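One file, final.txt, is given below (compact mmCIF, C-alpha atoms and all ligand atoms).
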```
# COMPACT_ATOMS: atom_id res chain seq x y z
CA MET A 1 63.01 92.50 18.31
CA ILE A 2 62.47 95.84 20.03
CA ALA A 3 60.61 98.11 17.64
CA ILE A 4 59.99 101.70 18.71
CA ASN A 5 60.27 102.16 22.42
CA GLN A 6 57.69 104.69 23.52
CA ALA A 7 58.31 104.45 27.24
CA GLU A 8 59.34 108.13 27.59
CA SER A 9 55.99 109.28 26.16
CA CYS A 10 54.14 106.83 28.41
CA VAL A 11 55.91 108.16 31.50
CA GLU A 12 54.90 111.71 30.53
CA ILE A 13 51.27 110.70 30.06
CA ILE A 14 51.18 108.82 33.37
CA ARG A 15 52.62 111.81 35.22
CA GLU A 16 50.17 114.17 33.48
CA ARG A 17 47.32 111.96 34.68
CA GLY A 18 48.40 112.63 38.24
CA LEU A 19 50.99 110.08 39.32
CA ARG A 20 52.80 111.28 42.41
CA GLY A 21 55.58 109.61 44.38
CA GLU A 22 57.41 106.35 44.07
CA ILE A 23 56.13 102.96 42.95
CA GLU A 24 57.76 100.12 44.84
CA ALA A 25 56.62 97.13 42.82
CA ALA A 26 54.77 96.22 39.68
CA VAL A 27 52.64 93.15 39.05
CA VAL A 28 51.84 91.83 35.57
CA LEU A 29 48.53 89.98 35.60
CA GLY A 30 47.96 86.96 33.40
CA THR A 31 44.76 85.58 31.91
CA GLY A 32 41.91 85.42 34.41
CA LEU A 33 43.97 87.11 37.13
CA GLY A 34 42.94 90.70 36.45
CA SER A 35 40.89 90.96 39.64
CA LEU A 36 44.10 91.16 41.67
CA ALA A 37 44.14 94.85 40.85
CA ASP A 38 40.78 95.40 42.59
CA ALA A 39 40.68 97.20 45.89
CA LEU A 40 43.64 99.50 45.49
CA GLU A 41 43.53 102.68 47.53
CA ASP A 42 43.51 105.89 45.47
CA PRO A 43 43.76 104.10 42.14
CA LEU A 44 45.02 105.87 39.05
CA VAL A 45 43.58 103.90 36.14
CA ILE A 46 44.90 104.38 32.61
CA PRO A 47 43.66 102.26 29.69
CA TYR A 48 46.47 100.76 27.62
CA ALA A 49 44.84 102.41 24.60
CA ASP A 50 46.02 105.76 26.01
CA LEU A 51 49.63 104.60 26.35
CA PRO A 52 51.58 104.33 23.07
CA GLY A 53 53.34 100.98 22.75
CA PHE A 54 51.16 99.27 25.34
CA PRO A 55 49.32 96.26 23.95
CA VAL A 56 45.74 96.61 22.87
CA GLY A 57 45.17 92.88 22.68
CA SER A 58 42.15 90.90 21.73
CA ILE A 59 42.49 88.08 24.22
CA SER A 60 39.43 87.65 26.39
CA GLY A 61 40.02 87.83 30.11
CA HIS A 62 42.43 90.74 29.79
CA ALA A 63 41.25 94.23 30.74
CA GLY A 64 44.14 96.20 29.25
CA ARG A 65 44.64 98.80 31.96
CA LEU A 66 47.45 100.17 34.06
CA VAL A 67 46.27 100.57 37.65
CA ILE A 68 48.53 102.34 40.14
CA GLY A 69 47.66 102.70 43.80
CA THR A 70 48.38 101.58 47.33
CA GLN A 71 47.85 98.05 48.59
CA GLU A 72 48.97 96.71 51.96
CA GLY A 73 50.85 99.95 52.55
CA THR A 74 52.86 99.50 49.37
CA ARG A 75 52.70 101.65 46.26
CA VAL A 76 52.09 99.20 43.44
CA ALA A 77 51.42 99.28 39.71
CA TYR A 78 49.32 96.54 38.19
CA LEU A 79 49.46 95.77 34.50
CA GLN A 80 46.01 94.33 34.02
CA GLY A 81 46.67 92.14 31.03
CA ARG A 82 49.63 91.40 28.80
CA SER A 83 50.20 90.69 25.17
CA HIS A 84 51.71 87.40 24.12
CA TYR A 85 54.20 86.39 21.48
CA TYR A 86 51.51 84.35 19.76
CA GLU A 87 49.37 87.44 19.11
CA SER A 88 51.90 89.20 16.88
CA GLY A 89 54.96 86.98 16.56
CA ASP A 90 56.92 89.71 18.36
CA PRO A 91 58.78 88.46 21.46
CA ALA A 92 59.43 92.08 22.53
CA THR A 93 55.76 92.97 22.66
CA MET A 94 56.00 93.82 26.39
CA PHE A 95 59.13 95.95 26.10
CA THR A 96 57.46 99.38 26.27
CA PRO A 97 55.24 98.54 29.30
CA LEU A 98 58.19 97.11 31.23
CA ASP A 99 60.50 99.96 30.28
CA THR A 100 57.81 102.44 31.31
CA LEU A 101 57.71 100.84 34.77
CA HIS A 102 61.48 100.93 34.90
CA LYS A 103 61.52 104.62 33.97
CA LEU A 104 58.95 105.31 36.68
CA GLY A 105 61.50 103.96 39.17
CA VAL A 106 60.01 100.50 39.74
CA GLN A 107 62.65 97.99 40.84
CA ILE A 108 60.61 94.86 41.47
CA VAL A 109 58.34 93.20 38.96
CA VAL A 110 56.13 90.24 39.79
CA LEU A 111 54.93 88.31 36.75
CA THR A 112 51.88 86.11 37.05
CA ASN A 113 50.61 83.56 34.59
CA SER A 114 48.54 80.47 34.16
CA SER A 115 50.20 77.24 33.18
CA GLY A 116 49.74 73.57 32.47
CA SER A 117 51.38 71.05 34.76
CA CYS A 118 53.74 68.37 33.46
CA ARG A 119 53.74 66.73 36.88
CA ALA A 120 51.07 64.49 38.32
CA ASP A 121 51.84 65.88 41.79
CA ILE A 122 51.19 69.51 40.77
CA ALA A 123 47.43 69.47 40.37
CA PRO A 124 45.23 72.08 38.70
CA GLY A 125 44.39 74.77 41.24
CA SER A 126 47.93 74.75 42.68
CA LEU A 127 50.13 77.79 42.93
CA ALA A 128 53.77 77.63 41.95
CA LEU A 129 56.75 79.88 42.37
CA ILE A 130 58.79 79.89 39.17
CA THR A 131 62.43 79.35 40.08
CA ASP A 132 63.87 79.07 36.58
CA HIS A 133 62.80 78.73 32.98
CA ILE A 134 63.57 77.02 29.70
CA ASN A 135 63.18 79.19 26.62
CA PHE A 136 61.96 76.36 24.40
CA ASN A 137 60.36 78.83 21.97
CA GLY A 138 63.88 79.98 21.16
CA GLN A 139 62.72 83.49 20.31
CA ASN A 140 64.39 86.29 22.23
CA PRO A 141 63.04 89.81 22.80
CA LEU A 142 66.57 91.23 22.72
CA LEU A 143 67.37 89.97 19.21
CA GLY A 144 68.66 92.89 17.18
CA SER A 145 68.97 95.19 20.19
CA GLY A 146 72.50 96.01 19.08
CA GLY A 147 75.78 96.58 20.89
CA ASP A 148 76.55 94.62 24.00
CA HIS A 149 73.19 95.31 25.64
CA GLY A 150 71.77 91.96 24.65
CA PHE A 151 74.26 89.86 26.58
CA VAL A 152 72.13 89.78 29.68
CA SER A 153 72.98 87.32 32.42
CA MET A 154 70.30 84.82 33.32
CA VAL A 155 72.03 83.79 36.55
CA ASP A 156 69.45 84.17 39.32
CA ALA A 157 67.00 85.57 36.77
CA TYR A 158 64.32 84.87 39.37
CA ASP A 159 65.61 87.00 42.19
CA PRO A 160 66.63 84.82 45.18
CA ARG A 161 65.53 87.44 47.70
CA LEU A 162 62.10 87.68 46.09
CA LEU A 163 61.84 83.89 46.02
CA ARG A 164 62.47 83.84 49.76
CA ARG A 165 60.00 86.66 50.29
CA PHE A 166 57.31 84.72 48.42
CA LYS A 167 58.03 81.55 50.39
CA HIS A 168 57.78 83.58 53.57
CA ALA A 169 54.45 85.07 52.44
CA ALA A 170 53.20 81.56 51.60
CA SER A 171 54.10 80.30 55.05
CA LEU A 172 52.32 83.26 56.68
CA THR A 173 49.14 82.58 54.72
CA GLY A 174 49.35 78.78 54.92
CA THR A 175 49.46 78.61 51.11
CA ALA A 176 50.95 75.50 49.51
CA LEU A 177 53.45 76.87 47.01
CA HIS A 178 55.25 74.52 44.62
CA GLU A 179 58.61 75.44 43.13
CA ALA A 180 58.75 74.95 39.41
CA VAL A 181 60.75 75.30 36.21
CA TYR A 182 58.58 76.87 33.49
CA MET A 183 59.01 76.08 29.81
CA TRP A 184 57.93 78.64 27.23
CA PHE A 185 56.05 77.36 24.19
CA SER A 186 54.99 79.80 21.50
CA GLY A 187 51.32 78.84 21.46
CA PRO A 188 48.65 79.54 20.53
CA SER A 189 48.04 75.85 19.94
CA PHE A 190 48.44 73.70 23.01
CA GLU A 191 51.22 71.14 23.17
CA THR A 192 51.07 67.55 22.00
CA ALA A 193 51.44 64.69 24.48
CA ALA A 194 54.89 63.95 23.01
CA GLU A 195 55.97 67.56 23.52
CA ILE A 196 54.89 67.40 27.14
CA ARG A 197 56.85 64.17 27.68
CA MET A 198 59.84 65.97 26.15
CA ALA A 199 59.29 69.00 28.38
CA ARG A 200 59.26 66.79 31.45
CA THR A 201 62.39 64.94 30.31
CA LEU A 202 64.18 68.26 29.79
CA GLY A 203 63.38 69.38 33.31
CA ALA A 204 60.19 71.40 32.98
CA ASP A 205 57.48 71.25 35.62
CA LEU A 206 55.08 73.70 33.97
CA VAL A 207 54.41 74.86 30.44
CA GLY A 208 52.93 78.12 29.23
CA MET A 209 52.85 80.78 26.55
CA SER A 210 54.12 83.89 28.33
CA THR A 211 56.45 85.25 31.02
CA VAL A 212 59.85 84.13 29.68
CA PRO A 213 60.30 87.03 27.23
CA GLU A 214 59.18 89.42 29.98
CA VAL A 215 61.79 87.99 32.35
CA ILE A 216 64.47 88.54 29.71
CA ILE A 217 63.34 92.12 29.11
CA ALA A 218 63.09 92.83 32.83
CA ARG A 219 66.60 91.52 33.45
CA ARG A 220 67.87 93.65 30.56
CA LEU A 221 66.35 96.66 32.33
CA GLY A 222 67.86 95.64 35.66
CA LEU A 223 64.51 94.91 37.28
CA ARG A 224 64.34 92.24 39.98
CA VAL A 225 61.91 89.52 38.95
CA GLY A 226 59.57 87.22 40.82
CA ALA A 227 57.06 85.00 39.03
CA LEU A 228 54.00 83.12 40.22
CA SER A 229 52.03 80.60 38.26
CA MET A 230 48.44 79.55 38.69
CA VAL A 231 48.30 75.95 37.51
CA THR A 232 45.05 75.76 35.58
CA ASN A 233 45.25 72.27 34.08
CA TYR A 234 47.27 69.16 33.57
CA ALA A 235 49.25 69.58 30.36
CA THR A 236 48.25 67.43 27.41
CA GLY A 237 48.45 63.75 28.28
CA VAL A 238 49.34 64.23 31.96
CA LYS A 239 46.65 62.37 33.91
CA GLY A 240 44.48 62.60 30.80
CA GLY A 241 45.05 66.37 30.48
CA HIS A 242 43.23 67.91 27.52
CA PRO A 243 43.56 71.69 27.97
CA THR A 244 41.25 74.25 26.42
CA HIS A 245 41.37 78.06 26.60
CA GLY A 246 38.00 78.09 28.38
CA GLU A 247 39.23 75.69 31.04
CA THR A 248 42.42 77.68 31.67
CA LYS A 249 40.46 80.94 32.01
CA ASP A 250 37.83 79.47 34.37
CA MET A 251 40.41 77.82 36.56
CA ALA A 252 42.60 80.95 36.71
CA LEU A 253 39.57 82.89 37.88
CA LYS A 254 38.88 80.35 40.64
CA GLY A 255 42.49 80.23 41.74
CA SER A 256 42.89 83.97 41.68
CA ILE A 257 41.64 84.18 45.28
CA SER A 258 44.65 82.33 46.70
CA LEU A 259 47.01 84.14 44.32
CA LYS A 260 45.56 87.47 45.40
CA ARG A 261 46.07 86.63 49.07
CA LEU A 262 49.65 85.59 48.43
CA VAL A 263 50.50 88.74 46.46
CA ARG A 264 48.93 90.98 49.10
CA THR A 265 50.91 89.26 51.85
CA PHE A 266 54.05 89.55 49.73
CA LEU A 267 53.47 93.30 49.40
CA ARG A 268 52.97 93.61 53.14
CA THR A 269 56.15 91.74 54.08
CA LYS A 270 58.85 94.24 53.38
CA GLU A 271 62.21 92.67 52.76
CA ASP A 272 64.18 94.44 55.44
CA VAL A 273 61.67 93.49 58.14
CA TRP A 274 61.83 89.73 57.73
CA SER A 275 65.07 88.97 55.88
CA ALA A 276 67.26 89.24 58.94
CA THR A 277 65.45 86.29 60.53
CA THR A 278 64.73 84.15 57.50
CA ARG A 279 67.87 84.48 55.41
CA PRO A 280 69.16 80.93 54.80
CA GLN A 281 72.70 79.99 55.80
CA SER A 282 75.05 80.29 52.86
N1 LIG B 1 49.86 74.82 27.86
C1 LIG B 1 50.32 76.05 27.52
N2 LIG B 1 49.90 77.16 28.11
C2 LIG B 1 49.02 77.03 29.11
C3 LIG B 1 48.50 75.79 29.50
C4 LIG B 1 48.96 74.62 28.85
O1 LIG B 1 48.56 73.47 29.15
N3 LIG B 1 47.64 76.03 30.52
C5 LIG B 1 47.63 77.38 30.73
N4 LIG B 1 48.45 77.99 29.87
```
Structure translated into C-alpha cells:
Amino acid sequence: MIAINQAESCVEIIRERGLRGEIEAAVVLGTGLGSLADALEDPLVIPYADLPGFPVGSISGHAGRLVIGTQEGTRVAYLQGRSHYYESGDPATMFTPLDTLHKLGVQIVVLTNSSGSCRADIAPGSLALITDHINFNGQNPLLGSGGDHGFVSMVDAYDPRLLRRFKHAASLTGTALHEAVYMWFSGPSFETAAEIRMARTLGADLVGMSTVPEVIIARRLGLRVGALSMVTNYATGVKGGHPTHGETKDMALKGSISLKRLVRTFLRTKEDVWSATTRPQS
C-alpha cells in the first residue's frame, strides 16, 4: 500500500545538491552488489537518510545511498541498497525511490538481486536474466492505490528490448547468462524443501525476497524494466542446498565482478546502435 509519496521533495533535494542534466538509466543494487556503483565519473552521492521516503534499512551489505554519475558514457543513477517487504511488511516500500527516479526523467530501471536456484543446472555463481516472475507472496504494492491506476499490465513486464540488450552485452563479454523465471517469497525465513519443489513445479527457476514489487511499481510508473540475478546458492534441498544469509552475501560479493562487467557493457551498448543488427525476426 502506497503511504505518503515524497518523491517531489526528493527531486527538489537532489536538484539542490547539484544534479544537472538527464539520467538515462537507474540501477537498483541488491545485497552484496553495492560495489557496482564504484568508479562513477563526477559522482553525486546522497545518503538515503537525506531523502524522505527512501529506506533507512538495517540489512547488512546495503550502503543506503543514491549515487548519480557517468559510467561508460551513460548518465546513470545507482540505488545502493533497497528495502525489502520482510523489513516492514510494506510491499510499496520502494515506491518513493522509484517514483523519484521517474520524476527525474529516468526511463530505464535495472533491478539486481541475489537468488537461490531451484535448478541443478543453474549453479551458485551464475548470472541470470529474469524474463518473468511469479508473485507467490501475493502482496501487491498497488493495493489501495485507488481509481484505475492499479490495473497495470504485466505483459512484457521485463522489457523485451532490454532483454535483448542484456543478451547482447553478455555475448560481447563472453558472460554465460541464464534466462529465468523468478518467484517472490516474503522472507525473511528461507524456504522449505517442499516449497522449493512446489516452486519448481509451478515454473520457477529462481527464488528470492525482492524485485517483484519493484517491477510492479516500475510498470505502474511506465518505467522499462530489466532485471539481473546473481545466483548465490542452491535453494533449500536442491543439490543439498542449505542457504544462510552469510552465504548469500559472500557469494553475491564474489559474483559482483561479473555482474559489474555485464552492467557496464549494457550501459555502453546503446539500443539504437546495435538493435538494427540484432533484432530477432518477428
Ligand atoms: N531463497 C530466498 N532468497 C534468496 C535465496 C534463497 O535461497 N538466496 C538469495 N536470496
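Restricting the atom set to all atoms listed in the file, one finds that the residues within 6 Å of ligand LIG 1 (chain B) amount to A:Ser114, A:Ser115, A:Gly116, A:Phe190, A:Val207, A:Gly208, A:Met209, A:Thr232, A:Asn233, A:Ala235, A:Pro243, A:Thr248.
With distances restricted to all atoms listed in the file, A:Ala157 is the closest residue to Asp132 (chain A) from A:Leu98, A:Ala39, A:Leu221, A:Ala157.
In this model, the gap between CA of Met198 (chain A) and CA of Asn137 (chain A) comes to 13.5 Å.
Minimum distance to Arg161 (chain A) across A:Leu206, A:Ile108, A:Ile134, A:Leu142 (counting all atoms listed in the file) occurs at A:Ile108.
Nearest residue to Val109 (chain A), choosing from A:Ile257, A:Val28, A:Ala204, A:Ala252 and counting only C-alpha atoms: A:Val28.
Residues lying within 8 Å of Ala63 (chain A), counting all atoms listed in the file and ignoring same-chain neighbours fewer than 5 positions away, are Gly34, Gln80 and Gly81 of chain A.
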Each residue of region 158-231 of chain A with at least one atom at most 12 Å from region 19-26 of chain A should appear once, together with its nearest atom pair and the corresponding distance in Å (one decimal); atoms considered: all atoms listed in the file; ordering: chain, then increasing residue number; output as JSON lines.
```
{"residue": "A:Leu162", "atom": "CA", "partner": "A:Ala25", "partner_atom": "CA", "distance": 11.4}
{"residue": "A:Ala218", "atom": "CA", "partner": "A:Ala26", "partner_atom": "CA", "distance": 11.3}
{"residue": "A:Leu223", "atom": "CA", "partner": "A:Ala25", "partner_atom": "CA", "distance": 9.9}
{"residue": "A:Arg224", "atom": "CA", "partner": "A:Ala25", "partner_atom": "CA", "distance": 9.6}
{"residue": "A:Val225", "atom": "CA", "partner": "A:Ala26", "partner_atom": "CA", "distance": 9.8}
{"residue": "A:Gly226", "atom": "CA", "partner": "A:Ala26", "partner_atom": "CA", "distance": 10.3}
{"residue": "A:Ala227", "atom": "CA", "partner": "A:Ala26", "partner_atom": "CA", "distance": 11.5}
```
Would you write out those residues with C-alpha atoms, as a PDB file, in the coordinates of the input?
```pdb
ATOM      1  CA  LEU A 162      62.100  87.680  46.090  1.00  0.00           C
ATOM      2  CA  ALA A 218      63.090  92.830  32.830  1.00  0.00           C
ATOM      3  CA  LEU A 223      64.510  94.910  37.280  1.00  0.00           C
ATOM      4  CA  ARG A 224      64.340  92.240  39.980  1.00  0.00           C
ATOM      5  CA  VAL A 225      61.910  89.520  38.950  1.00  0.00           C
ATOM      6  CA  GLY A 226      59.570  87.220  40.820  1.00  0.00           C
ATOM      7  CA  ALA A 227      57.060  85.000  39.030  1.00  0.00           C
TER       8      ALA A 227
END
```
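Between CA of Glu271 (chain A) and CA of Ile216 (chain A) the interatomic distance comes to 23.5 Å.
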| said: Taking (44.8, 98.9, 32.2) as a centre in this file's frame and 7 Å as the limit, can you find every polymer residue with an atom that close, using all atoms listed in the file, and give them as a ChimeraX atom specification? | reply: /A:45-48,63-67,79-80
